[in-house]
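The data block below is work-v2.pdb; it holds PDB, C-alpha atoms.
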```
MODEL        1
ATOM      1  CA  MET Z   1     149.243   1.100  67.345
ATOM      2  CA  ASP Z   2     152.903   1.919  67.975
ATOM      3  CA  ALA Z   3     152.566   5.033  65.856
ATOM      4  CA  PHE Z   4     149.545   6.111  67.885
ATOM      5  CA  THR Z   5     151.443   5.487  71.147
ATOM      6  CA  SER Z   6     154.463   7.458  70.001
ATOM      7  CA  PHE Z   7     152.202  10.307  68.884
ATOM      8  CA  SER Z   8     150.473  10.351  72.284
ATOM      9  CA  ASP Z   9     153.828  10.325  74.071
ATOM     10  CA  SER Z  10     155.050  13.237  71.960
ATOM     11  CA  GLN Z  11     151.869  15.183  72.652
ATOM     12  CA  SER Z  12     152.112  14.591  76.400
ATOM     13  CA  SER Z  13     155.794  15.513  76.446
ATOM     14  CA  SER Z  14     155.058  18.741  74.579
ATOM     15  CA  ARG Z  15     152.348  19.571  77.114
ATOM     16  CA  ASN Z  16     154.691  18.825  79.991
ATOM     17  CA  SER Z  17     157.378  21.033  78.465
ATOM     18  CA  TRP Z  18     155.040  24.064  78.630
ATOM     19  CA  ASN Z  19     156.418  25.960  81.606
ATOM     20  CA  TYR Z  20     157.862  29.329  82.482
ATOM     21  CA  ASP Z  21     160.877  28.746  80.233
ATOM     22  CA  SER Z  22     158.602  28.350  77.211
ATOM     23  CA  LEU Z  23     157.179  31.812  77.899
ATOM     24  CA  LYS Z  24     160.688  33.226  77.452
ATOM     25  CA  ASN Z  25     161.298  31.273  74.266
ATOM     26  CA  PHE Z  26     161.569  33.677  71.341
ATOM     27  CA  HIS Z  27     163.548  31.362  69.072
ATOM     28  CA  GLN Z  28     161.141  32.052  66.205
ATOM     29  CA  ILE Z  29     162.063  35.743  66.339
ATOM     30  CA  SER Z  30     165.519  36.588  65.057
ATOM     31  CA  PRO Z  31     167.819  38.919  67.079
ATOM     32  CA  VAL Z  32     167.391  41.661  64.473
ATOM     33  CA  VAL Z  33     163.615  41.507  64.815
ATOM     34  CA  GLN Z  34     163.875  41.407  68.621
ATOM     35  CA  ASN Z  35     165.934  44.600  68.590
ATOM     36  CA  HIS Z  36     163.404  46.149  66.213
ATOM     37  CA  ILE Z  37     160.526  45.287  68.561
ATOM     38  CA  LYS Z  38     162.412  46.830  71.496
ATOM     39  CA  LEU Z  39     162.914  50.017  69.471
ATOM     40  CA  VAL Z  40     159.225  50.056  68.504
ATOM     41  CA  TYR Z  41     158.155  49.718  72.151
ATOM     42  CA  PHE Z  42     160.599  52.422  73.275
ATOM     43  CA  THR Z  43     159.279  54.796  70.607
ATOM     44  CA  LEU Z  44     155.732  53.885  71.630
ATOM     45  CA  CYS Z  45     156.501  54.792  75.260
ATOM     46  CA  CYS Z  46     157.839  58.175  74.120
ATOM     47  CA  ALA Z  47     154.659  58.739  72.085
ATOM     48  CA  ILE Z  48     152.517  57.888  75.126
ATOM     49  CA  ALA Z  49     154.508  60.402  77.190
ATOM     50  CA  ALA Z  50     153.976  63.059  74.484
ATOM     51  CA  SER Z  51     150.258  62.269  74.502
ATOM     52  CA  ALA Z  52     150.132  62.668  78.287
ATOM     53  CA  VAL Z  53     151.825  66.059  77.944
ATOM     54  CA  GLY Z  54     149.250  67.067  75.338
ATOM     55  CA  ALA Z  55     146.389  66.115  77.665
ATOM     56  CA  PHE Z  56     148.029  68.038  80.517
ATOM     57  CA  VAL Z  57     148.479  71.132  78.345
ATOM     58  CA  HIS Z  58     144.785  70.944  77.445
ATOM     59  CA  VAL Z  59     143.846  70.832  81.128
ATOM     60  CA  LEU Z  60     145.933  73.985  81.673
ATOM     61  CA  TRP Z  61     145.018  76.018  78.582
ATOM     62  CA  ASN Z  62     142.029  74.241  76.988
ATOM     63  CA  ILE Z  63     143.646  73.734  73.564
ATOM     64  CA  GLY Z  64     142.026  70.414  72.648
ATOM     65  CA  GLY Z  65     139.121  70.077  70.260
ATOM     66  CA  PHE Z  66     138.244  69.631  66.614
ATOM     67  CA  LEU Z  67     141.304  71.538  65.342
ATOM     68  CA  THR Z  68     143.772  69.401  67.296
ATOM     69  CA  THR Z  69     142.038  66.247  66.018
ATOM     70  CA  VAL Z  70     142.354  67.397  62.412
ATOM     71  CA  ALA Z  71     145.953  68.473  63.036
ATOM     72  CA  SER Z  72     146.767  65.077  64.550
ATOM     73  CA  ILE Z  73     145.362  63.249  61.512
ATOM     74  CA  GLY Z  74     147.215  65.615  59.187
ATOM     75  CA  THR Z  75     150.465  65.016  61.048
ATOM     76  CA  MET Z  76     149.976  61.243  60.740
ATOM     77  CA  ILE Z  77     149.473  61.581  56.988
ATOM     78  CA  TRP Z  78     152.569  63.792  56.772
ATOM     79  CA  LEU Z  79     154.557  61.167  58.702
ATOM     80  CA  LEU Z  80     153.417  58.305  56.466
ATOM     81  CA  SER Z  81     154.255  60.293  53.331
ATOM     82  CA  THR Z  82     157.764  61.156  54.577
ATOM     83  CA  PRO Z  83     160.551  58.865  53.279
ATOM     84  CA  PRO Z  84     161.981  56.450  55.885
ATOM     85  CA  PHE Z  85     165.507  57.860  55.575
ATOM     86  CA  GLU Z  86     164.310  61.136  57.153
ATOM     87  CA  GLU Z  87     164.257  59.350  60.485
ATOM     88  CA  ARG Z  88     164.560  62.319  62.838
ATOM     89  CA  LYS Z  89     161.808  64.252  61.075
ATOM     90  CA  ARG Z  90     159.474  61.252  61.244
ATOM     91  CA  VAL Z  91     160.128  60.807  64.967
ATOM     92  CA  TYR Z  92     159.298  64.486  65.548
ATOM     93  CA  LEU Z  93     156.119  64.109  63.505
ATOM     94  CA  LEU Z  94     155.118  61.061  65.574
ATOM     95  CA  MET Z  95     155.639  62.957  68.820
ATOM     96  CA  ALA Z  96     153.683  65.933  67.445
ATOM     97  CA  SER Z  97     150.824  63.682  66.379
ATOM     98  CA  ALA Z  98     150.783  61.984  69.795
ATOM     99  CA  PHE Z  99     150.817  65.389  71.522
ATOM    100  CA  LEU Z 100     147.882  66.604  69.439
ATOM    101  CA  GLN Z 101     145.991  63.359  70.011
ATOM    102  CA  GLY Z 102     146.483  63.742  73.749
ATOM    103  CA  ALA Z 103     145.153  67.283  73.524
ATOM    104  CA  SER Z 104     142.150  65.988  71.556
ATOM    105  CA  ILE Z 105     141.387  63.520  74.361
ATOM    106  CA  GLY Z 106     141.716  66.419  76.804
ATOM    107  CA  PRO Z 107     137.977  67.248  77.014
ATOM    108  CA  LEU Z 108     137.302  63.658  78.073
ATOM    109  CA  ILE Z 109     140.070  63.996  80.669
ATOM    110  CA  ASP Z 110     138.396  67.185  81.954
ATOM    111  CA  LEU Z 111     135.122  65.310  82.390
ATOM    112  CA  ALA Z 112     136.878  62.503  84.229
ATOM    113  CA  ILE Z 113     138.530  64.989  86.586
ATOM    114  CA  VAL Z 114     135.135  66.446  87.445
ATOM    115  CA  ILE Z 115     133.492  63.058  88.057
ATOM    116  CA  ASP Z 116     136.363  61.051  89.549
ATOM    117  CA  ALA Z 117     140.024  61.766  88.784
ATOM    118  CA  SER Z 118     141.081  58.263  89.830
ATOM    119  CA  LEU Z 119     139.294  56.856  86.765
ATOM    120  CA  ILE Z 120     142.071  58.259  84.542
ATOM    121  CA  LEU Z 121     144.709  56.171  86.303
ATOM    122  CA  THR Z 122     142.403  53.141  86.292
ATOM    123  CA  ALA Z 123     141.832  53.452  82.548
ATOM    124  CA  PHE Z 124     145.562  53.872  81.891
ATOM    125  CA  VAL Z 125     146.477  50.830  83.994
ATOM    126  CA  ALA Z 126     143.758  48.734  82.325
ATOM    127  CA  THR Z 127     144.960  49.810  78.866
ATOM    128  CA  SER Z 128     148.585  49.026  79.757
ATOM    129  CA  LEU Z 129     147.670  45.597  81.116
ATOM    130  CA  ALA Z 130     145.609  44.758  78.032
ATOM    131  CA  PHE Z 131     148.449  45.829  75.740
ATOM    132  CA  ALA Z 132     151.067  43.915  77.735
ATOM    133  CA  CYS Z 133     149.026  40.699  77.911
ATOM    134  CA  PHE Z 134     147.970  40.602  74.269
ATOM    135  CA  SER Z 135     151.418  41.647  73.007
ATOM    136  CA  ALA Z 136     153.035  38.902  75.095
ATOM    137  CA  THR Z 137     150.552  36.404  73.682
ATOM    138  CA  THR Z 138     151.570  37.395  70.177
ATOM    139  CA  LEU Z 139     155.299  37.278  70.882
ATOM    140  CA  VAL Z 140     155.215  33.703  72.225
ATOM    141  CA  ALA Z 141     152.761  32.449  69.583
ATOM    142  CA  ARG Z 142     153.740  30.706  66.373
ATOM    143  CA  ARG Z 143     154.506  32.976  63.469
ATOM    144  CA  ARG Z 144     151.514  33.982  61.330
ATOM    145  CA  GLU Z 145     149.149  32.296  63.797
ATOM    146  CA  TYR Z 146     146.880  35.333  64.223
ATOM    147  CA  LEU Z 147     147.113  36.908  60.777
ATOM    148  CA  TYR Z 148     143.752  35.365  59.883
ATOM    149  CA  LEU Z 149     142.168  37.920  62.238
ATOM    150  CA  GLY Z 150     142.677  40.630  59.625
ATOM    151  CA  GLY Z 151     139.498  39.857  57.700
ATOM    152  CA  PHE Z 152     137.323  39.574  60.803
ATOM    153  CA  LEU Z 153     138.667  42.781  62.325
ATOM    154  CA  SER Z 154     138.277  44.725  59.098
ATOM    155  CA  SER Z 155     134.641  43.627  59.025
ATOM    156  CA  GLY Z 156     134.237  44.606  62.684
ATOM    157  CA  LEU Z 157     135.740  48.029  62.062
ATOM    158  CA  SER Z 158     133.413  48.502  59.098
ATOM    159  CA  ILE Z 159     130.430  47.597  61.299
ATOM    160  CA  LEU Z 160     131.539  50.171  63.879
ATOM    161  CA  MET Z 161     131.848  52.888  61.247
ATOM    162  CA  TRP Z 162     128.385  52.185  59.832
ATOM    163  CA  LEU Z 163     126.840  52.068  63.302
ATOM    164  CA  HIS Z 164     128.445  55.385  64.201
ATOM    165  CA  PHE Z 165     127.286  56.894  60.908
ATOM    166  CA  ALA Z 166     123.726  55.628  61.388
ATOM    167  CA  SER Z 167     123.517  56.824  65.000
ATOM    168  CA  SER Z 168     124.782  60.281  64.004
ATOM    169  CA  LEU Z 169     122.068  60.550  61.337
ATOM    170  CA  PHE Z 170     119.086  58.919  63.012
ATOM    171  CA  GLY Z 171     120.042  59.100  66.657
ATOM    172  CA  GLY Z 172     121.132  56.192  68.791
ATOM    173  CA  SER Z 173     119.776  54.505  71.874
ATOM    174  CA  THR Z 174     121.716  53.821  75.049
ATOM    175  CA  ALA Z 175     121.877  50.121  74.192
ATOM    176  CA  LEU Z 176     123.399  50.892  70.782
ATOM    177  CA  PHE Z 177     125.944  53.239  72.401
ATOM    178  CA  GLN Z 178     126.964  50.528  74.864
ATOM    179  CA  PHE Z 179     127.263  47.989  72.054
ATOM    180  CA  GLU Z 180     129.532  50.364  70.123
ATOM    181  CA  LEU Z 181     131.712  50.860  73.201
ATOM    182  CA  TYR Z 182     132.198  47.218  74.116
ATOM    183  CA  PHE Z 183     132.346  45.902  70.571
ATOM    184  CA  GLY Z 184     134.827  48.629  69.641
ATOM    185  CA  LEU Z 185     136.938  47.754  72.676
ATOM    186  CA  LEU Z 186     136.988  44.103  71.585
ATOM    187  CA  VAL Z 187     137.955  45.066  68.036
ATOM    188  CA  PHE Z 188     140.847  47.337  69.018
ATOM    189  CA  VAL Z 189     142.180  44.925  71.652
ATOM    190  CA  SER Z 190     142.235  42.264  68.928
ATOM    191  CA  TYR Z 191     144.019  44.719  66.649
ATOM    192  CA  ILE Z 192     146.915  44.738  69.143
ATOM    193  CA  VAL Z 193     147.386  41.023  68.465
ATOM    194  CA  LEU Z 194     147.074  41.424  64.704
ATOM    195  CA  ASP Z 195     149.260  44.529  64.406
ATOM    196  CA  THR Z 196     151.984  43.100  66.640
ATOM    197  CA  GLN Z 197     152.186  39.937  64.555
ATOM    198  CA  GLU Z 198     152.150  41.934  61.327
ATOM    199  CA  ILE Z 199     155.015  44.076  62.658
ATOM    200  CA  ILE Z 200     157.006  40.916  63.411
ATOM    201  CA  GLU Z 201     156.354  39.467  59.972
ATOM    202  CA  ARG Z 202     157.188  42.729  58.204
ATOM    203  CA  ALA Z 203     160.409  42.968  60.194
ATOM    204  CA  HIS Z 204     161.350  39.429  59.127
ATOM    205  CA  LEU Z 205     160.811  40.555  55.523
ATOM    206  CA  GLY Z 206     163.112  43.556  56.028
ATOM    207  CA  ASP Z 207     160.620  46.297  56.918
ATOM    208  CA  LEU Z 208     162.291  47.886  59.971
ATOM    209  CA  ASP Z 209     160.339  51.150  59.945
ATOM    210  CA  TYR Z 210     159.955  51.419  63.725
ATOM    211  CA  VAL Z 211     158.319  54.864  63.567
ATOM    212  CA  LYS Z 212     155.409  53.658  61.429
ATOM    213  CA  HIS Z 213     155.039  50.522  63.541
ATOM    214  CA  ALA Z 214     154.999  52.557  66.755
ATOM    215  CA  LEU Z 215     152.330  54.805  65.217
ATOM    216  CA  THR Z 216     150.196  51.752  64.435
ATOM    217  CA  LEU Z 217     150.331  50.498  68.018
ATOM    218  CA  PHE Z 218     149.792  54.006  69.408
ATOM    219  CA  THR Z 219     146.517  54.425  67.513
ATOM    220  CA  ASP Z 220     145.347  51.087  68.939
ATOM    221  CA  LEU Z 221     146.265  52.142  72.469
ATOM    222  CA  ALA Z 222     144.568  55.531  72.149
ATOM    223  CA  ALA Z 223     141.338  53.908  70.915
ATOM    224  CA  ILE Z 224     141.391  51.383  73.774
ATOM    225  CA  PHE Z 225     142.121  54.036  76.421
ATOM    226  CA  VAL Z 226     139.261  56.260  75.251
ATOM    227  CA  ARG Z 227     136.763  53.409  75.279
ATOM    228  CA  ILE Z 228     137.822  52.109  78.683
ATOM    229  CA  LEU Z 229     137.633  55.609  80.163
ATOM    230  CA  VAL Z 230     134.182  56.215  78.653
ATOM    231  CA  ILE Z 231     132.954  52.881  80.045
ATOM    232  CA  LEU Z 232     134.300  53.748  83.502
ATOM    233  CA  LEU Z 233     132.750  57.210  83.369
ATOM    234  CA  LYS Z 234     129.384  55.831  82.311
ATOM    235  CA  ASN Z 235     129.392  53.183  85.042
ATOM    236  CA  THR Z 236     130.385  55.747  87.684
ATOM    237  CA  THR Z 237     127.718  58.193  86.518
ATOM    238  CA  ASP Z 238     125.033  55.507  86.555
ATOM    239  CA  LYS Z 239     126.108  54.453  90.036
ATOM    240  CA  ASN Z 240     125.973  58.032  91.316
ATOM    241  CA  GLU Z 241     122.503  58.486  89.805
ATOM    242  CA  ARG Z 242     121.251  55.322  91.487
ATOM    243  CA  ASN Z 243     122.649  56.478  94.821
ATOM    244  CA  GLU Z 244     120.941  59.862  94.464
ATOM    245  CA  ARG Z 245     117.622  58.186  93.688
ATOM    246  CA  LYS Z 246     117.955  56.025  96.772
ATOM    247  CA  LYS Z 247     118.666  59.084  98.914
ATOM    248  CA  LYS Z 248     115.626  60.880  97.526
ATOM    249  CA  ARG Z 249     113.431  57.892  98.265
ATOM    250  CA  ARG Z 250     114.701  57.748 101.834
ATOM    251  CA  ASP Z 251     114.092  61.462 102.299
TER     252      ASP Z 251
ENDMDL
END
```

Same coordinates, now as structure tokens:
Amino acid sequence: MDAFTSFSDSQSSSRNSWNYDSLKNFHQISPVVQNHIKLVYFTLCCAIAASAVGAFVHVLWNIGGFLTTVASIGTMIWLLSTPPFEERKRVYLLMASAFLQGASIGPLIDLAIVIDASLILTAFVATSLAFACFSATTLVARRREYLYLGGFLSSGLSILMWLHFASSLFGGSTALFQFELYFGLLVFVSYIVLDTQEIIERAHLGDLDYVKHALTLFTDLAAIFVRILVILLKNTTDKNERNERKKKRRD
């Protein structure tokens, strides 16, 4: 009975100790790993800026398309095959890949500008908030707490690939397209949690390759941004169509 009482008291005290100070508690992350995470996030911000420049260049000169997508993938492979000691070269390759990826998203940006330019900012803010919230959740969580997600997310990504392959061969319905969008958004948002925790664990084991880690998070962010923007565009288009139908009925 005394053991049960002491256990209950410890549980209640631990619940009462959960406050704002606990959100700032990173004692499980060593200073070296904290500095590594800061460097990863700074490099990620630079990659996002390069991607924005690529999208802007596409809007000006219409350079985005299949070739920029292939070039972006090729640049990623080149980066991953480059030895870590060639740090400057790998940073340049990351920025080039982000620029090309931004140019590849350019046609979607063009469509958003035609329909409603404010949707671009909305999608960017939503992507940033999702990344910030889920990254913060990972940073304050116990180490290795979310690594079990790897198997589930790999299965989810496999399902997405097969659905996309089947819809490209046999054609897909609107319901299937919506399922791919929302399910894919859920998968890639969850990948932020998994990848962030994997980066922390790899850094604890001595893997301080911030360029590769920034590339991992950048691919997650790009996938989330595209899906959020497509969802916003689809909802806006459907709303405009409903409004036009109502006007025609009134006329």

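Proximity ranking of Z:Leu67, Z:Val211, Z:Ala50, Z:Ile192 relative to Ala136 in chain Z places Z:Ile192 first, based on only C-alpha atoms.
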
Original post:
Distance CA of Gly102 in chain Z-CA of Phe152 in chain Z, one decimal place?
Top reply: 28.9 Å

Subject >> Residues within 8 Å of range 73-90 of chain Z, all atoms listed in the file, excluding chain neighbours under 4 positions, as a PyMOL selection string >> reply: chain Z and resi 69+94+96-97+209+211-212

Subject >> Non-local contacts of Val32 in chain Z (10 Å; all atoms listed in the file; under 4 positions in same chain excluded) as number ranges by chain >> reply: Z: 36-37, 203-204, 206, 208

Subject >> Which of Z:Leu163, Z:Thr137, Z:Phe188, Z:Tyr210 sits closest to Leu176 in chain Z [using all atoms listed in the file] >> reply: Z:Leu163

Original post:
What does the distance from CA of Ile115 in chain Z to CA of Ala223 in chain Z come to in Å, to one decimal?
Top reply: 21.0 Å

Original post:
How many Å lie between CA of Leu100 in chain Z and CA of Val70 in chain Z, rounded to one decimal?
Top reply: 9.0 Å

Given the PyMOL selection byres ((chain Z and resi 65) around 8), the residues it picks as an mmCIF file with C-alpha atoms, keeping the file's coordinate frame:
```
data_model
loop_
_atom_site.group_PDB
_atom_site.id
_atom_site.type_symbol
_atom_site.label_atom_id
_atom_site.label_comp_id
_atom_site.auth_asym_id
_atom_site.auth_seq_id
_atom_site.Cartn_x
_atom_site.Cartn_y
_atom_site.Cartn_z
ATOM 1 C CA ILE Z 63 143.646 73.734 73.564
ATOM 2 C CA GLY Z 64 142.026 70.414 72.648
ATOM 3 C CA PHE Z 66 138.244 69.631 66.614
ATOM 4 C CA LEU Z 67 141.304 71.538 65.342
ATOM 5 C CA THR Z 68 143.772 69.401 67.296
ATOM 6 C CA THR Z 69 142.038 66.247 66.018
ATOM 7 C CA ALA Z 103 145.153 67.283 73.524
ATOM 8 C CA SER Z 104 142.150 65.988 71.556
ATOM 9 C CA GLY Z 106 141.716 66.419 76.804
ATOM 10 C CA PRO Z 107 137.977 67.248 77.014
#
```

Subject >> Residues within 8 Å of Met95 in chain Z, only C-alpha atoms, excluding chain neighbours under 6 positions, as a ChimeraX atom specification >> reply: /Z:46-47,50-51

**OP:** Anything within 12 Å of (138.8, 66.9, 81.9): list those residues as a VMD selection string, counting all atoms listed in the file and sticking to the file's coordinates.
**Re:** chain Z and resid 55 to 64 102 to 120 229 233

**OP:** Can you turn the PyMOL selection byres ((chain Z and resi 214) around 8) into a concrete residue list for this file, as a list in words?
**Re:** Val40, Tyr41, Thr43, Leu44, Tyr210, Val211, Lys212, His213, Leu215, Thr216, Leu217 and Phe218 of chain Z

Applied to this file, what does the PyMOL selection byres ((chain Z and resi 180) around 12) return in terms of residues, put as a PDB file with C-alpha atoms, in the frame of the given file?
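Done, and the output landed in part06.pdb:
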```pdb
ATOM      1  CA  GLY Z 156     134.237  44.606  62.684  1.00  0.00           C
ATOM      2  CA  LEU Z 157     135.740  48.029  62.062  1.00  0.00           C
ATOM      3  CA  SER Z 158     133.413  48.502  59.098  1.00  0.00           C
ATOM      4  CA  ILE Z 159     130.430  47.597  61.299  1.00  0.00           C
ATOM      5  CA  LEU Z 160     131.539  50.171  63.879  1.00  0.00           C
ATOM      6  CA  MET Z 161     131.848  52.888  61.247  1.00  0.00           C
ATOM      7  CA  TRP Z 162     128.385  52.185  59.832  1.00  0.00           C
ATOM      8  CA  LEU Z 163     126.840  52.068  63.302  1.00  0.00           C
ATOM      9  CA  HIS Z 164     128.445  55.385  64.201  1.00  0.00           C
ATOM     10  CA  PHE Z 165     127.286  56.894  60.908  1.00  0.00           C
ATOM     11  CA  ALA Z 166     123.726  55.628  61.388  1.00  0.00           C
ATOM     12  CA  SER Z 167     123.517  56.824  65.000  1.00  0.00           C
ATOM     13  CA  GLY Z 172     121.132  56.192  68.791  1.00  0.00           C
ATOM     14  CA  SER Z 173     119.776  54.505  71.874  1.00  0.00           C
ATOM     15  CA  THR Z 174     121.716  53.821  75.049  1.00  0.00           C
ATOM     16  CA  ALA Z 175     121.877  50.121  74.192  1.00  0.00           C
ATOM     17  CA  LEU Z 176     123.399  50.892  70.782  1.00  0.00           C
ATOM     18  CA  PHE Z 177     125.944  53.239  72.401  1.00  0.00           C
ATOM     19  CA  GLN Z 178     126.964  50.528  74.864  1.00  0.00           C
ATOM     20  CA  PHE Z 179     127.263  47.989  72.054  1.00  0.00           C
ATOM     21  CA  LEU Z 181     131.712  50.860  73.201  1.00  0.00           C
ATOM     22  CA  TYR Z 182     132.198  47.218  74.116  1.00  0.00           C
ATOM     23  CA  PHE Z 183     132.346  45.902  70.571  1.00  0.00           C
ATOM     24  CA  GLY Z 184     134.827  48.629  69.641  1.00  0.00           C
ATOM     25  CA  LEU Z 185     136.938  47.754  72.676  1.00  0.00           C
ATOM     26  CA  LEU Z 186     136.988  44.103  71.585  1.00  0.00           C
ATOM     27  CA  VAL Z 187     137.955  45.066  68.036  1.00  0.00           C
ATOM     28  CA  PHE Z 188     140.847  47.337  69.018  1.00  0.00           C
ATOM     29  CA  ARG Z 227     136.763  53.409  75.279  1.00  0.00           C
ATOM     30  CA  VAL Z 230     134.182  56.215  78.653  1.00  0.00           C
ATOM     31  CA  ILE Z 231     132.954  52.881  80.045  1.00  0.00           C
TER      32      ILE Z 231
END
```

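Each of Z:Ala98, Z:Leu232, Z:Lys246, Z:Cys133 was checked against Ile48 in chain Z using all atoms listed in the file; the smallest atom-to-atom distance is that of Z:Ala98.
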
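In this comparison, which uses all atoms listed in the file, the residue of Z:Phe225, Z:Phe42, Z:Tyr191, Z:Tyr92 approaching Leu153 in chain Z most closely is Z:Tyr191.
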
Subject >> Among listed residues Z:Val193, Z:Leu129, Z:Ala71, Z:Ile200, nearest Pro31 in chain Z (using only C-alpha atoms) >> reply: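 Distance minimum relative to Pro31 in chain Z lands on Z:Ile200.
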
Original post:
With distances taken over all atoms listed in the file, which of Z:Ala49, Z:Ile199, Z:Gln101, Z:Arg242 is nearest to Leu139 in chain Z?
Top reply: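 When distances to Leu139 in chain Z are compared using all atoms listed in the file, the smallest one comes from Z:Ile199.
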